[in-house]
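K.L.:
Once you've had a glance at the structure underneath, I'll fire off some questions.
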Amino acid sequence: MEKKLYTIIVYTENIAGMLNQVTAEFTRRMMNIDTITASSSSVEGVHRYTITLWGEEDMVNKVTKRIEKKVDVLKADYYTDNEIFFQEVALYKLSTPKIMENNEISRIIRHSAARVIEVNEHYTVVEKTGPTDVVVNLYNEFKAQECMLQFVKSGRVAVTRASQNSLGELLFNEDYKRKISK
């Protein structure tokens with residue numbers, strides 16, 4: 001079977017140790033998480049984990065079902081890139097002296113529609129939001145100009161292309177109401 005990039009979205013109750021419980025399911029199956037983003041969701045008291053990994057669909061399906069069986073997990077689904085909208089945020093710390101001596105670096109910043117968020121005599125911090133390949137390509141362009149001091153990118157944030165939020169559907173589902181009333 002072919003390995004593809006999958007995005008797993010997990011909704012859990014906001015309880016200490018839940019992230020560990022979720023990631024343990026990947027460790028048990030020797031599956032390597034590529035990125036993970038944890039945040040509150042649109043529902044008070046519910047946390048959301050957005051996890052990306054390369055895998056075969058049958059294994060991704062199995063681990064998603066195992067995660068969803070956990071008591072404090074409300075919902076878990078997996079998606080391919082064409083089923084979601086997603087973005088990442090990257091920060092690039094560049095050498096200001098190198099930028100001043102090489103006009104190509106400024107052109108790259110403008111051409112990429114990146115945003116300069118800090119400039120001083122030693123460094124310039126640039127922010128870029130976009131799909132993974134866009135933020136990584138910009139990294140490669142800066143690296144080729146030998147001006148990179150630091151680089152960091154976030155994990156993926158994603159929303160589904162479906163018209164209804166899966167968590168919203170869940171909250172009105174009778175099985176869910178029975179699960180939380182126990």
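We name chains A, B, ... following the order of the structure tokens; residues begin at 1 in each chain, and ligands are numbered from 1 as shown.
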Which residues are close to stretch 134-140 of chain A, i.e. within 9 Å by only C-alpha atoms, leaving aside same-chain residues fewer than 3 positions away? Reply as an MDAnalysis selection string.

P.N.:
chainID A and resid 88:90 92 108:109 112 128:131 143:145 148 151 153

K.L.:
Convert the current residue selection to file output with N, CA, C and O atoms, as a PDB file, in the first residue's frame.

P.N.:
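Written out: again_17.pdb:
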```
ATOM      1  N   GLU A  88       0.139  26.663   7.801  1.00  0.00           N
ATOM      2  CA  GLU A  88       1.169  26.654   8.821  1.00  0.00           C
ATOM      3  C   GLU A  88       1.716  28.071   8.922  1.00  0.00           C
ATOM      4  O   GLU A  88       1.570  28.858   7.991  1.00  0.00           O
ATOM      5  N   VAL A  89       2.322  28.382  10.047  1.00  0.00           N
ATOM      6  CA  VAL A  89       2.962  29.679  10.244  1.00  0.00           C
ATOM      7  C   VAL A  89       4.451  29.430  10.432  1.00  0.00           C
ATOM      8  O   VAL A  89       4.842  28.513  11.168  1.00  0.00           O
ATOM      9  N   ALA A  90       5.271  30.239   9.766  1.00  0.00           N
ATOM     10  CA  ALA A  90       6.716  30.110   9.899  1.00  0.00           C
ATOM     11  C   ALA A  90       7.321  31.458  10.265  1.00  0.00           C
ATOM     12  O   ALA A  90       6.845  32.498   9.813  1.00  0.00           O
ATOM     13  N   TYR A  92      11.118  33.351  10.280  1.00  0.00           N
ATOM     14  CA  TYR A  92      12.475  33.302   9.752  1.00  0.00           C
ATOM     15  C   TYR A  92      13.251  34.453  10.385  1.00  0.00           C
ATOM     16  O   TYR A  92      12.867  35.612  10.222  1.00  0.00           O
ATOM     17  N   ILE A 108      12.923  38.667  -2.405  1.00  0.00           N
ATOM     18  CA  ILE A 108      12.304  37.390  -2.023  1.00  0.00           C
ATOM     19  C   ILE A 108      11.188  37.634  -1.006  1.00  0.00           C
ATOM     20  O   ILE A 108      10.103  37.065  -1.125  1.00  0.00           O
ATOM     21  N   ILE A 109      11.452  38.484  -0.023  1.00  0.00           N
ATOM     22  CA  ILE A 109      10.435  38.774   1.004  1.00  0.00           C
ATOM     23  C   ILE A 109       9.198  39.381   0.355  1.00  0.00           C
ATOM     24  O   ILE A 109       8.074  38.947   0.608  1.00  0.00           O
ATOM     25  N   SER A 112       7.263  36.890  -1.980  1.00  0.00           N
ATOM     26  CA  SER A 112       6.582  35.798  -1.283  1.00  0.00           C
ATOM     27  C   SER A 112       5.373  36.278  -0.475  1.00  0.00           C
ATOM     28  O   SER A 112       4.670  35.461   0.105  1.00  0.00           O
ATOM     29  N   LYS A 128       5.652  34.099   7.562  1.00  0.00           N
ATOM     30  CA  LYS A 128       4.945  33.638   6.366  1.00  0.00           C
ATOM     31  C   LYS A 128       3.919  32.590   6.782  1.00  0.00           C
ATOM     32  O   LYS A 128       4.226  31.666   7.537  1.00  0.00           O
ATOM     33  N   THR A 129       2.700  32.753   6.294  1.00  0.00           N
ATOM     34  CA  THR A 129       1.634  31.786   6.529  1.00  0.00           C
ATOM     35  C   THR A 129       1.294  31.144   5.196  1.00  0.00           C
ATOM     36  O   THR A 129       1.194  31.834   4.182  1.00  0.00           O
ATOM     37  N   GLY A 130       1.097  29.828   5.211  1.00  0.00           N
ATOM     38  CA  GLY A 130       0.724  29.136   3.987  1.00  0.00           C
ATOM     39  C   GLY A 130       0.813  27.638   4.149  1.00  0.00           C
ATOM     40  O   GLY A 130       1.113  27.132   5.234  1.00  0.00           O
ATOM     41  N   PRO A 131       0.568  26.924   3.059  1.00  0.00           N
ATOM     42  CA  PRO A 131       0.730  25.462   3.086  1.00  0.00           C
ATOM     43  C   PRO A 131       2.193  25.096   3.365  1.00  0.00           C
ATOM     44  O   PRO A 131       3.103  25.911   3.154  1.00  0.00           O
ATOM     45  N   LYS A 143      17.858  30.246   2.809  1.00  0.00           N
ATOM     46  CA  LYS A 143      19.065  29.453   3.077  1.00  0.00           C
ATOM     47  C   LYS A 143      20.061  29.592   1.919  1.00  0.00           C
ATOM     48  O   LYS A 143      21.270  29.719   2.147  1.00  0.00           O
ATOM     49  N   ALA A 144      19.552  29.593   0.703  1.00  0.00           N
ATOM     50  CA  ALA A 144      20.422  29.752  -0.468  1.00  0.00           C
ATOM     51  C   ALA A 144      21.108  31.119  -0.478  1.00  0.00           C
ATOM     52  O   ALA A 144      22.208  31.262  -1.023  1.00  0.00           O
ATOM     53  N   GLN A 145      20.481  32.111   0.137  1.00  0.00           N
ATOM     54  CA  GLN A 145      21.072  33.452   0.215  1.00  0.00           C
ATOM     55  C   GLN A 145      22.022  33.598   1.418  1.00  0.00           C
ATOM     56  O   GLN A 145      22.593  34.663   1.630  1.00  0.00           O
ATOM     57  N   MET A 148      20.097  33.089   6.811  1.00  0.00           N
ATOM     58  CA  MET A 148      19.246  32.496   7.844  1.00  0.00           C
ATOM     59  C   MET A 148      19.986  32.386   9.177  1.00  0.00           C
ATOM     60  O   MET A 148      21.074  31.830   9.242  1.00  0.00           O
ATOM     61  N   PHE A 151      15.039  29.414  12.184  1.00  0.00           N
ATOM     62  CA  PHE A 151      13.800  29.092  11.473  1.00  0.00           C
ATOM     63  C   PHE A 151      12.942  28.215  12.375  1.00  0.00           C
ATOM     64  O   PHE A 151      13.446  27.308  13.034  1.00  0.00           O
ATOM     65  N   LYS A 153       8.678  26.577  12.335  1.00  0.00           N
ATOM     66  CA  LYS A 153       7.336  26.563  11.753  1.00  0.00           C
ATOM     67  C   LYS A 153       6.399  25.821  12.683  1.00  0.00           C
ATOM     68  O   LYS A 153       6.809  24.950  13.438  1.00  0.00           O
TER      69      LYS A 153
END
```

K.L.:
Would you mind listing what lies within 7 Å of A:Ile84 as a ChimeraX atom specification, with only C-alpha atoms counted and same-chain residues fewer than 3 positions away left out?

P.N.:
/A:79,81,158-161

K.L.:
Excluding same-chain residues fewer than 2 positions from A:Asn61, what lies within 12 Å of it counting only C-alpha atoms, as an MDAnalysis selection string?

P.N.:
chainID A and resid 6:8 26 55:59 63:68 76:80

K.L.:
I need the residues in chain A that are alpha helix (DSSP H) according to DSSP; give them as JSON, numbers by chain.

P.N.:
{"A": [18, 19, 20, 21, 22, 23, 24, 25, 26, 27, 28, 57, 58, 59, 60, 61, 62, 63, 64, 65, 66, 67, 68, 96, 97, 98, 99, 100, 101, 103, 104, 105, 106, 107, 108, 109, 110, 111, 132, 133, 134, 135, 136, 137, 138, 139, 140, 141, 142, 143, 144, 166, 167, 168, 169, 170, 171, 174, 175, 176, 177, 178, 179, 180, 181]}

K.L.:
Nearest residue to A:Val73 out of A:Val125, A:Met31, A:Val116, A:Val10, using only C-alpha atoms?

P.N.:
A:Val10

K.L.:
Please compute the atom CA of A:Val43-atom CA of A:Thr132 distance, one decimal, in Å.

P.N.:
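Separating atom CA of A:Val43 from atom CA of A:Thr132 is a distance of 27.1 Å.
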
K.L.:
Fewer than 4 positions away in the same chain doesn't count, so skip those; otherwise give me all residues within 12 Å of A:Asn20, counting only C-alpha atoms, as an mmCIF file with all heavy atoms, in the first residue's frame.

P.N.:
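result_5.cif was written with the following content:
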```cif
data_model
loop_
_atom_site.group_PDB
_atom_site.id
_atom_site.type_symbol
_atom_site.label_atom_id
_atom_site.label_comp_id
_atom_site.auth_asym_id
_atom_site.auth_seq_id
_atom_site.Cartn_x
_atom_site.Cartn_y
_atom_site.Cartn_z
ATOM 1 N N THR A 12 -11.042 16.318 22.372
ATOM 2 C CA THR A 12 -11.042 15.668 23.679
ATOM 3 C C THR A 12 -11.569 16.625 24.735
ATOM 4 O O THR A 12 -11.611 17.833 24.522
ATOM 5 C CB THR A 12 -9.622 15.246 24.117
ATOM 6 O OG1 THR A 12 -8.870 16.414 24.437
ATOM 7 C CG2 THR A 12 -8.922 14.428 23.059
ATOM 8 N N ILE A 15 -8.557 17.692 29.733
ATOM 9 C CA ILE A 15 -8.096 16.969 30.917
ATOM 10 C C ILE A 15 -6.585 16.770 30.807
ATOM 11 O O ILE A 15 -6.079 16.422 29.736
ATOM 12 C CB ILE A 15 -8.798 15.597 31.027
ATOM 13 C CG1 ILE A 15 -10.306 15.797 31.195
ATOM 14 C CG2 ILE A 15 -8.218 14.764 32.155
ATOM 15 C CD1 ILE A 15 -11.111 14.534 31.125
ATOM 16 N N ALA A 16 -5.880 16.972 31.918
ATOM 17 C CA ALA A 16 -4.435 16.758 31.935
ATOM 18 C C ALA A 16 -4.112 15.323 31.524
ATOM 19 O O ALA A 16 -4.770 14.383 31.961
ATOM 20 C CB ALA A 16 -3.879 17.056 33.328
ATOM 21 N N ALA A 24 0.331 8.122 22.661
ATOM 22 C CA ALA A 24 0.735 6.749 22.989
ATOM 23 C C ALA A 24 0.192 5.747 21.968
ATOM 24 O O ALA A 24 0.831 4.727 21.694
ATOM 25 C CB ALA A 24 0.270 6.381 24.390
ATOM 26 N N GLU A 25 -0.957 6.030 21.384
ATOM 27 C CA GLU A 25 -1.526 5.127 20.371
ATOM 28 C C GLU A 25 -0.624 5.048 19.135
ATOM 29 O O GLU A 25 -0.526 4.005 18.500
ATOM 30 C CB GLU A 25 -2.931 5.576 19.973
ATOM 31 C CG GLU A 25 -3.970 5.383 21.060
ATOM 32 C CD GLU A 25 -4.136 3.934 21.494
ATOM 33 O OE1 GLU A 25 -3.961 3.008 20.676
ATOM 34 O OE2 GLU A 25 -4.430 3.722 22.684
ATOM 35 N N PHE A 26 0.034 6.141 18.794
ATOM 36 C CA PHE A 26 0.953 6.134 17.648
ATOM 37 C C PHE A 26 2.234 5.390 17.999
ATOM 38 O O PHE A 26 2.759 4.631 17.188
ATOM 39 C CB PHE A 26 1.277 7.568 17.215
ATOM 40 C CG PHE A 26 0.077 8.322 16.727
ATOM 41 C CD1 PHE A 26 -0.611 9.180 17.571
ATOM 42 C CD2 PHE A 26 -0.386 8.151 15.428
ATOM 43 C CE1 PHE A 26 -1.731 9.860 17.136
ATOM 44 C CE2 PHE A 26 -1.505 8.833 14.983
ATOM 45 C CZ PHE A 26 -2.182 9.684 15.830
ATOM 46 N N THR A 27 2.713 5.584 19.222
ATOM 47 C CA THR A 27 3.927 4.910 19.672
ATOM 48 C C THR A 27 3.739 3.396 19.669
ATOM 49 O O THR A 27 4.617 2.661 19.213
ATOM 50 C CB THR A 27 4.308 5.389 21.095
ATOM 51 O OG1 THR A 27 4.441 6.808 21.083
ATOM 52 C CG2 THR A 27 5.597 4.757 21.562
ATOM 53 N N ILE A 36 2.186 18.143 15.294
ATOM 54 C CA ILE A 36 1.018 18.107 16.175
ATOM 55 C C ILE A 36 0.769 19.527 16.672
ATOM 56 O O ILE A 36 1.699 20.231 17.055
ATOM 57 C CB ILE A 36 1.205 17.123 17.351
ATOM 58 C CG1 ILE A 36 -0.083 17.017 18.169
ATOM 59 C CG2 ILE A 36 2.390 17.481 18.199
ATOM 60 C CD1 ILE A 36 -0.130 15.824 19.109
ATOM 61 N N ALA A 38 -1.905 21.556 19.263
ATOM 62 C CA ALA A 38 -2.947 21.419 20.287
ATOM 63 C C ALA A 38 -3.512 22.800 20.583
ATOM 64 O O ALA A 38 -2.768 23.775 20.682
ATOM 65 C CB ALA A 38 -2.360 20.808 21.546
ATOM 66 N N TYR A 49 -6.679 18.446 18.845
ATOM 67 C CA TYR A 49 -5.334 18.098 18.406
ATOM 68 C C TYR A 49 -5.397 17.870 16.901
ATOM 69 O O TYR A 49 -6.235 17.114 16.417
ATOM 70 C CB TYR A 49 -4.826 16.822 19.084
ATOM 71 C CG TYR A 49 -4.898 16.869 20.588
ATOM 72 C CD1 TYR A 49 -5.565 15.883 21.290
ATOM 73 C CD2 TYR A 49 -4.302 17.898 21.311
ATOM 74 C CE1 TYR A 49 -5.629 15.918 22.671
ATOM 75 C CE2 TYR A 49 -4.374 17.942 22.693
ATOM 76 C CZ TYR A 49 -5.036 16.953 23.367
ATOM 77 O OH TYR A 49 -5.112 16.991 24.731
ATOM 78 N N ILE A 67 -8.064 5.698 19.078
ATOM 79 C CA ILE A 67 -8.070 6.978 19.800
ATOM 80 C C ILE A 67 -9.495 7.344 20.185
ATOM 81 O O ILE A 67 -9.771 7.746 21.307
ATOM 82 C CB ILE A 67 -7.415 8.084 18.959
ATOM 83 C CG1 ILE A 67 -5.905 7.841 18.837
ATOM 84 C CG2 ILE A 67 -7.706 9.466 19.529
ATOM 85 C CD1 ILE A 67 -5.207 8.707 17.806
#
```

K.L.:
Hey, which of A:Cys147, A:Val71, A:Met30, A:Val60 ends up closest to A:Asn102? Count only C-alpha atoms.

P.N.:
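Checking each of A:Cys147, A:Val71, A:Met30, A:Val60 against A:Asn102, counting only C-alpha atoms, the winner is A:Cys147.
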
K.L.:
Which residues are close to A:Glu118, i.e. within 10 Å by only C-alpha atoms, leaving aside same-chain residues fewer than 5 positions away? Reply as a ChimeraX atom specification.

P.N.:
/A:93,123-127

K.L.:
Write out, as a PDB file, in the first residue's frame, the residues just selected, with N, CA, C and O atoms.

P.N.:
```pdb
ATOM      1  N   LYS A  93      14.308  34.141  11.090  1.00  0.00           N
ATOM      2  CA  LYS A  93      15.169  35.182  11.650  1.00  0.00           C
ATOM      3  C   LYS A  93      16.367  35.305  10.715  1.00  0.00           C
ATOM      4  O   LYS A  93      17.146  34.360  10.567  1.00  0.00           O
ATOM      5  N   TYR A 123      19.269  41.618  13.332  1.00  0.00           N
ATOM      6  CA  TYR A 123      18.418  40.620  12.687  1.00  0.00           C
ATOM      7  C   TYR A 123      17.085  41.221  12.252  1.00  0.00           C
ATOM      8  O   TYR A 123      16.657  42.257  12.743  1.00  0.00           O
ATOM      9  N   THR A 124      16.435  40.508  11.331  1.00  0.00           N
ATOM     10  CA  THR A 124      15.093  40.832  10.844  1.00  0.00           C
ATOM     11  C   THR A 124      14.258  39.572  10.977  1.00  0.00           C
ATOM     12  O   THR A 124      14.700  38.491  10.579  1.00  0.00           O
ATOM     13  N   VAL A 125      13.061  39.695  11.538  1.00  0.00           N
ATOM     14  CA  VAL A 125      12.172  38.544  11.676  1.00  0.00           C
ATOM     15  C   VAL A 125      11.058  38.686  10.644  1.00  0.00           C
ATOM     16  O   VAL A 125      10.400  39.718  10.554  1.00  0.00           O
ATOM     17  N   VAL A 126      10.876  37.631   9.869  1.00  0.00           N
ATOM     18  CA  VAL A 126       9.884  37.588   8.795  1.00  0.00           C
ATOM     19  C   VAL A 126       8.897  36.472   9.112  1.00  0.00           C
ATOM     20  O   VAL A 126       9.296  35.397   9.575  1.00  0.00           O
ATOM     21  N   GLU A 127       7.611  36.721   8.855  1.00  0.00           N
ATOM     22  CA  GLU A 127       6.559  35.734   9.081  1.00  0.00           C
ATOM     23  C   GLU A 127       5.917  35.378   7.749  1.00  0.00           C
ATOM     24  O   GLU A 127       5.662  36.246   6.921  1.00  0.00           O
TER      25      GLU A 127
END
```

K.L.:
From the DSSP assignment of the backbone, select every residue of stretch 75-115 of chain A that is strand (DSSP E or B), and format the answer as a list in words.

P.N.:
Lys75, Ala76, Asp77, Tyr78, Tyr79, Ile84, Phe85, Phe86, Gln87, Glu88, Val89, Ala90, Leu91, Tyr92, Lys93, Leu94, Ser95 and Arg115 of chain A

K.L.:
Would you output that residue set with N, CA, C and O atoms, as a PDB file, in the first residue's frame?

P.N.:
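Okay, part.pdb is ready:
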```pdb
ATOM      1  N   LYS A  75     -14.280  12.859  19.675  1.00  0.00           N
ATOM      2  CA  LYS A  75     -14.368  12.565  18.240  1.00  0.00           C
ATOM      3  C   LYS A  75     -12.961  12.522  17.669  1.00  0.00           C
ATOM      4  O   LYS A  75     -12.097  13.299  18.064  1.00  0.00           O
ATOM      5  N   ALA A  76     -12.722  11.630  16.724  1.00  0.00           N
ATOM      6  CA  ALA A  76     -11.449  11.555  16.006  1.00  0.00           C
ATOM      7  C   ALA A  76     -11.742  11.163  14.564  1.00  0.00           C
ATOM      8  O   ALA A  76     -12.490  10.209  14.318  1.00  0.00           O
ATOM      9  N   ASP A  77     -11.192  11.910  13.630  1.00  0.00           N
ATOM     10  CA  ASP A  77     -11.352  11.630  12.198  1.00  0.00           C
ATOM     11  C   ASP A  77     -10.022  11.851  11.506  1.00  0.00           C
ATOM     12  O   ASP A  77      -9.186  12.624  11.982  1.00  0.00           O
ATOM     13  N   TYR A  78      -9.839  11.220  10.358  1.00  0.00           N
ATOM     14  CA  TYR A  78      -8.627  11.468   9.572  1.00  0.00           C
ATOM     15  C   TYR A  78      -9.026  11.948   8.175  1.00  0.00           C
ATOM     16  O   TYR A  78     -10.106  11.631   7.677  1.00  0.00           O
ATOM     17  N   TYR A  79      -8.123  12.736   7.579  1.00  0.00           N
ATOM     18  CA  TYR A  79      -8.407  13.382   6.299  1.00  0.00           C
ATOM     19  C   TYR A  79      -7.161  13.388   5.418  1.00  0.00           C
ATOM     20  O   TYR A  79      -6.040  13.412   5.920  1.00  0.00           O
ATOM     21  N   ILE A  84      -9.457  18.957   3.368  1.00  0.00           N
ATOM     22  CA  ILE A  84      -9.323  20.001   4.386  1.00  0.00           C
ATOM     23  C   ILE A  84      -8.689  21.256   3.782  1.00  0.00           C
ATOM     24  O   ILE A  84      -8.065  21.211   2.724  1.00  0.00           O
ATOM     25  N   PHE A  85      -8.877  22.370   4.486  1.00  0.00           N
ATOM     26  CA  PHE A  85      -8.112  23.592   4.254  1.00  0.00           C
ATOM     27  C   PHE A  85      -7.081  23.626   5.377  1.00  0.00           C
ATOM     28  O   PHE A  85      -7.435  23.396   6.540  1.00  0.00           O
ATOM     29  N   PHE A  86      -5.815  23.914   5.051  1.00  0.00           N
ATOM     30  CA  PHE A  86      -4.800  23.917   6.098  1.00  0.00           C
ATOM     31  C   PHE A  86      -3.747  24.985   5.839  1.00  0.00           C
ATOM     32  O   PHE A  86      -3.550  25.407   4.708  1.00  0.00           O
ATOM     33  N   GLN A  87      -3.126  25.416   6.917  1.00  0.00           N
ATOM     34  CA  GLN A  87      -2.072  26.418   6.881  1.00  0.00           C
ATOM     35  C   GLN A  87      -1.061  26.118   7.974  1.00  0.00           C
ATOM     36  O   GLN A  87      -1.369  25.431   8.953  1.00  0.00           O
ATOM     37  N   GLU A  88       0.139  26.663   7.801  1.00  0.00           N
ATOM     38  CA  GLU A  88       1.169  26.654   8.821  1.00  0.00           C
ATOM     39  C   GLU A  88       1.716  28.071   8.922  1.00  0.00           C
ATOM     40  O   GLU A  88       1.570  28.858   7.991  1.00  0.00           O
ATOM     41  N   VAL A  89       2.322  28.382  10.047  1.00  0.00           N
ATOM     42  CA  VAL A  89       2.962  29.679  10.244  1.00  0.00           C
ATOM     43  C   VAL A  89       4.451  29.430  10.432  1.00  0.00           C
ATOM     44  O   VAL A  89       4.842  28.513  11.168  1.00  0.00           O
ATOM     45  N   ALA A  90       5.271  30.239   9.766  1.00  0.00           N
ATOM     46  CA  ALA A  90       6.716  30.110   9.899  1.00  0.00           C
ATOM     47  C   ALA A  90       7.321  31.458  10.265  1.00  0.00           C
ATOM     48  O   ALA A  90       6.845  32.498   9.813  1.00  0.00           O
ATOM     49  N   LEU A  91       8.354  31.412  11.102  1.00  0.00           N
ATOM     50  CA  LEU A  91       9.137  32.599  11.425  1.00  0.00           C
ATOM     51  C   LEU A  91      10.565  32.360  10.953  1.00  0.00           C
ATOM     52  O   LEU A  91      11.139  31.291  11.202  1.00  0.00           O
ATOM     53  N   TYR A  92      11.118  33.351  10.280  1.00  0.00           N
ATOM     54  CA  TYR A  92      12.475  33.302   9.752  1.00  0.00           C
ATOM     55  C   TYR A  92      13.251  34.453  10.385  1.00  0.00           C
ATOM     56  O   TYR A  92      12.867  35.612  10.222  1.00  0.00           O
ATOM     57  N   LYS A  93      14.308  34.141  11.090  1.00  0.00           N
ATOM     58  CA  LYS A  93      15.169  35.182  11.650  1.00  0.00           C
ATOM     59  C   LYS A  93      16.367  35.305  10.715  1.00  0.00           C
ATOM     60  O   LYS A  93      17.146  34.360  10.567  1.00  0.00           O
ATOM     61  N   LEU A  94      16.469  36.463  10.074  1.00  0.00           N
ATOM     62  CA  LEU A  94      17.480  36.696   9.044  1.00  0.00           C
ATOM     63  C   LEU A  94      18.497  37.732   9.517  1.00  0.00           C
ATOM     64  O   LEU A  94      18.172  38.620  10.304  1.00  0.00           O
ATOM     65  N   SER A  95      19.682  37.674   8.980  1.00  0.00           N
ATOM     66  CA  SER A  95      20.732  38.634   9.287  1.00  0.00           C
ATOM     67  C   SER A  95      20.433  39.960   8.595  1.00  0.00           C
ATOM     68  O   SER A  95      20.395  40.024   7.360  1.00  0.00           O
ATOM     69  N   ARG A 115       5.639  38.797   5.715  1.00  0.00           N
ATOM     70  CA  ARG A 115       5.454  40.008   6.520  1.00  0.00           C
ATOM     71  C   ARG A 115       6.661  40.197   7.438  1.00  0.00           C
ATOM     72  O   ARG A 115       7.035  39.280   8.174  1.00  0.00           O
TER      73      ARG A 115
END
```
